[in-house]
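Each remark here refers to the structure printed beneath this line.
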Amino acid sequence: MTAYIPYGRQDIDASDIQSVIEVLQSDWLTQGSATSRFEHAVAEYCGAKYAIAVSNATAALHIACLAIGLGKQDYLWTSPNTFVASANCGLYCGAKVDFVDINSQTYNLSVDELEQKLVRAAQLGCLPKVLVPVHFAGQSCEMEKIAILSQQYGFKVIEDASHAIGGKYRNKAIGSCEFSDLAVFSFHPVKIITTGEGGMVLTNREDLYEKLSRLRSHGITRNPDLMQGEVHGGWYYQQLELGFNYRMTDIQAALGVSQIQRLDKFVTRRRFLAQRYNHLLQDLPITLPYQHFDTESSWHLYVIRLNLDKISKTHCQVFEQLRQAGIGVNLHYIPVHTHPYYQNLGFCHGDFQKSEMYYKSAISIPLYYGLTETDQDRVVASLQEILH
Ligand SMILES: *Cc1c(COP(=O)(O)O)cnc(C)c1O
């Protein structure tokens, strides 16, 4: 009766299964026509010119950084309130990573903090080459302000939109790259749409698109126009740079092609459930998610913050009691700079205090397309009982 309610999960229907079966019964399983159909569908949905499907968003972030030319001595800046992959991609390129603390309302990277840090970095001669703003929980960062700063200080912008496909900024789909060089999506099963594992990079720049296509597949080209010297024959290809095997399979892409047809339906349902939480939870001693007027979130996560001065329990106790009640709560995110690996790079507790404060009271409660109102009522009732 009291089944476990996870914090997020995929929705797979008969059309998804049929789409994957068709690829399995075809002659082609790896990157092929289903992958290009998926790329076109996502690019069209977002209003971006180009899309490159890859094996996961971590790979997408890695080749996005390489395409920008991030390397040794360069700096990548991102938010501490994110999954480690948003920062690790800089380290993969041999670059240095630093963080910009969050806005305590949106939990996104703070544009004011960014501006102050840029002023200091300009004086010290250590401006970043790349900024990775993360659209936390599916709510866009303040992209226009970020774009203006990027012009002023000469850095490139890679949006980590892993949470945010289906969301909007100023009435335009996130992923349009109107205010960035590149944007990255994740299709991990807890995200808005899934391919099992999968990721994508979007851009409006043809040069970046060409580079990303090569980096996804060993740095190899089959385009004679790009080759050096003579073309030997029909079998011929050349490796022009050091790339990877980051391809998506057509099996995965077929699932993506089918899932994206339900994307708006998924987001509409998530928005409905979020508004229902807003209403049902309004009298509890918690802070509900704030929405900036420029944004329409895809609602990847619904994060509450405990008003601990009004509650007789600790953050940890509330979390554990929810789990014991069969509510699959989670915590997004442990501030990246506090992980032992990043501490060994020289970061300290206290370096980014707003994200650390946030971490001490945040809880992600269940939100996904298939969450029933009965399940949601159970989440609310458990919270009421535990926080009474
Ligand atoms: C999920 C996620 C990633 C990594 O995505 P994968 O597809 O699992 O590699 C990166 N950044 C953020 C913010 C994420 O939530």
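Going through the structure tokens in order, the chains are called A, B, and so on, while each chain numbers its residues from 1 and the ligands are numbered from 1 in the order shown.
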
Surrounding residues as an MDAnalysis selection string, ligand 1, max 10 Å, only C-alpha atoms and all ligand atoms: chainID A and resid 54:62 79 81:89 132:138 159:164 184:191 194:200 300:301 332:333

Residue contacts of region 338-344 of chain A (12 Å, only C-alpha atoms) excluding same-chain residues fewer than 2 positions away, as a ChimeraX atom specification: /A:80-84,87-88,91,96-99,333-336,346-353,355-356,359

Selection from above, C-alpha atoms, as a compact mmCIF listing (two decimals), in the first residue's frame, can you write it?
```txt
# COMPACT_ATOMS: atom_id res chain seq x y z
CA PRO A 80 28.78 25.45 -6.91
CA ASN A 81 25.11 24.35 -6.80
CA THR A 82 25.31 21.76 -9.56
CA PHE A 83 26.21 18.21 -10.39
CA VAL A 84 30.00 17.70 -10.46
CA ALA A 87 32.90 21.64 -13.27
CA ASN A 88 34.73 18.40 -14.14
CA LEU A 91 39.39 19.75 -15.50
CA LYS A 96 41.39 25.50 -13.84
CA VAL A 97 37.93 25.66 -12.31
CA ASP A 98 36.42 28.31 -10.09
CA PHE A 99 32.91 29.04 -8.87
CA TYR A 333 23.29 19.70 -4.65
CA ILE A 334 26.24 19.13 -2.37
CA PRO A 335 28.26 22.28 -3.21
CA VAL A 336 30.85 21.05 -5.72
CA GLY A 346 42.55 24.10 -2.74
CA PHE A 347 38.89 24.97 -2.17
CA CYS A 348 37.69 25.34 1.42
CA HIS A 349 34.41 25.17 3.30
CA GLY A 350 33.19 28.74 3.54
CA ASP A 351 34.39 29.72 0.06
CA PHE A 352 30.84 29.98 -1.36
CA GLN A 353 28.66 30.56 1.64
CA SER A 355 25.46 27.64 -1.70
CA GLU A 356 26.61 26.12 1.60
CA TYR A 359 22.67 23.00 1.15
```

Members of region 252-321 of chain A assigned alpha helix (DSSP H) by DSSP, as an NGL selection string: :A and (252-260 or 263-280 or 315-321)

Region 36-158 of chain A: residues DSSP assigns to strand (DSSP E), reported as a ChimeraX atom specification: /A:50-54,75-78,96-99,130-132,156-158

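Of the listed residues (A:Lys129, A:His388, A:Lys360, A:Arg276), A:Arg276 comes nearest to Gln376 (chain A); the distances count only C-alpha atoms.
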
Report as a compact mmCIF listing (two decimals) with C-alpha atoms, in the first residue's frame all protein, DNA and RNA residues lying within 12 Å of Asn307 (chain A), evaluated on only C-alpha atoms, omitting residues in the same chain fewer than 2 positions from it.
```txt
# COMPACT_ATOMS: atom_id res chain seq x y z
CA ASP A 283 1.25 27.09 5.33
CA LEU A 284 4.22 24.93 6.29
CA PRO A 285 7.46 26.35 7.81
CA ILE A 286 9.30 25.99 4.51
CA THR A 287 10.39 28.25 1.63
CA LEU A 288 8.81 27.33 -1.70
CA ILE A 304 11.80 23.15 -0.60
CA ARG A 305 13.93 24.81 2.06
CA ASP A 309 14.34 28.30 13.18
CA LYS A 310 10.63 27.41 13.10
CA ILE A 311 11.09 23.63 13.21
CA SER A 312 12.08 21.52 16.22
CA LYS A 313 13.89 18.95 14.06
CA THR A 314 17.14 19.07 12.15
CA HIS A 315 17.44 19.05 8.37
CA VAL A 318 13.34 15.66 8.43
CA MET A 357 23.72 27.76 3.49
CA TYR A 358 21.33 26.54 0.82
CA LYS A 360 21.94 22.99 4.90
CA SER A 361 18.18 23.34 4.44
CA ALA A 362 17.25 22.15 0.91
CA ILE A 363 15.26 19.02 0.08
CA LEU A 387 6.96 19.42 10.32
```

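Among A:Gln275, A:Gln105, A:Gln10, A:Thr78, the residue with the shortest atom-to-atom distance to His292 (chain A), counting only C-alpha atoms, is A:Gln105.
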
Shell around Phe272 (chain A) at 10 Å using only C-alpha atoms, local window under 5 positions removed, as a PyMOL selection string: chain A and resi 267+277-278+299+369

Spatial neighbours of Asp74 (chain A), 12 Å, only C-alpha atoms, chain gap at least 6 places, as a ChimeraX atom specification: /A:65-66,68,90-91,93-98,125-131,155-156

Can I get the selected residues back with N, CA, C and O atoms, as a short mmCIF file (atom, residue, chain, number, x, y, z; two decimals), in the first residue's frame?
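Result saved to out_1.cif:
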```cif
data_model
loop_
_atom_site.label_atom_id
_atom_site.label_comp_id
_atom_site.auth_asym_id
_atom_site.auth_seq_id
_atom_site.Cartn_x
_atom_site.Cartn_y
_atom_site.Cartn_z
N CYS A 65 33.50 22.29 -24.20
CA CYS A 65 34.68 23.02 -23.71
C CYS A 65 35.82 22.94 -24.71
O CYS A 65 36.50 23.94 -24.97
N LEU A 66 36.05 21.76 -25.28
CA LEU A 66 37.14 21.60 -26.25
C LEU A 66 36.88 22.42 -27.51
O LEU A 66 37.80 23.03 -28.07
N ILE A 68 35.36 25.17 -27.77
CA ILE A 68 35.64 26.59 -27.44
C ILE A 68 37.14 26.85 -27.37
O ILE A 68 37.60 27.99 -27.40
N GLY A 90 35.81 21.15 -17.20
CA GLY A 90 36.96 22.05 -17.28
C GLY A 90 38.25 21.32 -16.95
O GLY A 90 39.27 21.48 -17.63
N LEU A 91 38.19 20.49 -15.92
CA LEU A 91 39.39 19.75 -15.50
C LEU A 91 39.82 18.74 -16.57
O LEU A 91 41.01 18.52 -16.78
N CYS A 93 39.86 19.20 -19.58
CA CYS A 93 40.61 19.94 -20.60
C CYS A 93 41.92 20.50 -20.05
O CYS A 93 42.61 21.24 -20.75
N GLY A 94 42.22 20.17 -18.80
CA GLY A 94 43.45 20.68 -18.18
C GLY A 94 43.31 22.11 -17.68
O GLY A 94 44.29 22.73 -17.27
N ALA A 95 42.09 22.66 -17.74
CA ALA A 95 41.87 24.04 -17.30
C ALA A 95 41.68 24.09 -15.78
O ALA A 95 41.57 23.07 -15.12
N LYS A 96 41.66 25.31 -15.26
CA LYS A 96 41.39 25.50 -13.84
C LYS A 96 39.91 25.85 -13.68
O LYS A 96 39.33 26.47 -14.56
N VAL A 97 39.35 25.43 -12.55
CA VAL A 97 37.93 25.66 -12.31
C VAL A 97 37.75 26.58 -11.12
O VAL A 97 38.50 26.51 -10.15
N ASP A 98 36.79 27.49 -11.24
CA ASP A 98 36.42 28.31 -10.09
C ASP A 98 34.89 28.48 -10.11
O ASP A 98 34.24 28.12 -11.10
N GLY A 125 44.25 39.78 -13.78
CA GLY A 125 44.63 39.16 -15.05
C GLY A 125 44.30 37.68 -15.11
O GLY A 125 45.04 36.90 -15.69
N CYS A 126 43.19 37.28 -14.50
CA CYS A 126 42.82 35.86 -14.57
C CYS A 126 41.33 35.71 -14.91
O CYS A 126 40.60 34.99 -14.23
N LEU A 127 40.93 36.39 -15.97
CA LEU A 127 39.54 36.28 -16.41
C LEU A 127 39.26 34.87 -16.94
O LEU A 127 40.15 34.21 -17.46
N PRO A 128 38.00 34.41 -16.81
CA PRO A 128 37.68 33.07 -17.31
C PRO A 128 37.58 33.05 -18.83
O PRO A 128 37.27 34.07 -19.45
N LYS A 129 37.84 31.88 -19.39
CA LYS A 129 37.63 31.70 -20.84
C LYS A 129 36.19 31.24 -21.08
O LYS A 129 35.60 31.54 -22.11
N VAL A 130 35.68 30.48 -20.12
CA VAL A 130 34.34 29.90 -20.27
C VAL A 130 33.54 30.05 -18.98
O VAL A 130 34.08 29.83 -17.89
N LEU A 131 32.27 30.42 -19.13
CA LEU A 131 31.33 30.38 -18.01
C LEU A 131 30.29 29.32 -18.32
O LEU A 131 29.77 29.26 -19.43
N PHE A 155 34.50 36.36 -22.36
CA PHE A 155 34.44 34.91 -22.13
C PHE A 155 33.30 34.29 -22.94
O PHE A 155 32.41 35.00 -23.40
N LYS A 156 33.39 32.96 -23.15
CA LYS A 156 32.35 32.24 -23.88
C LYS A 156 31.36 31.64 -22.88
O LYS A 156 31.69 31.45 -21.70
#
```
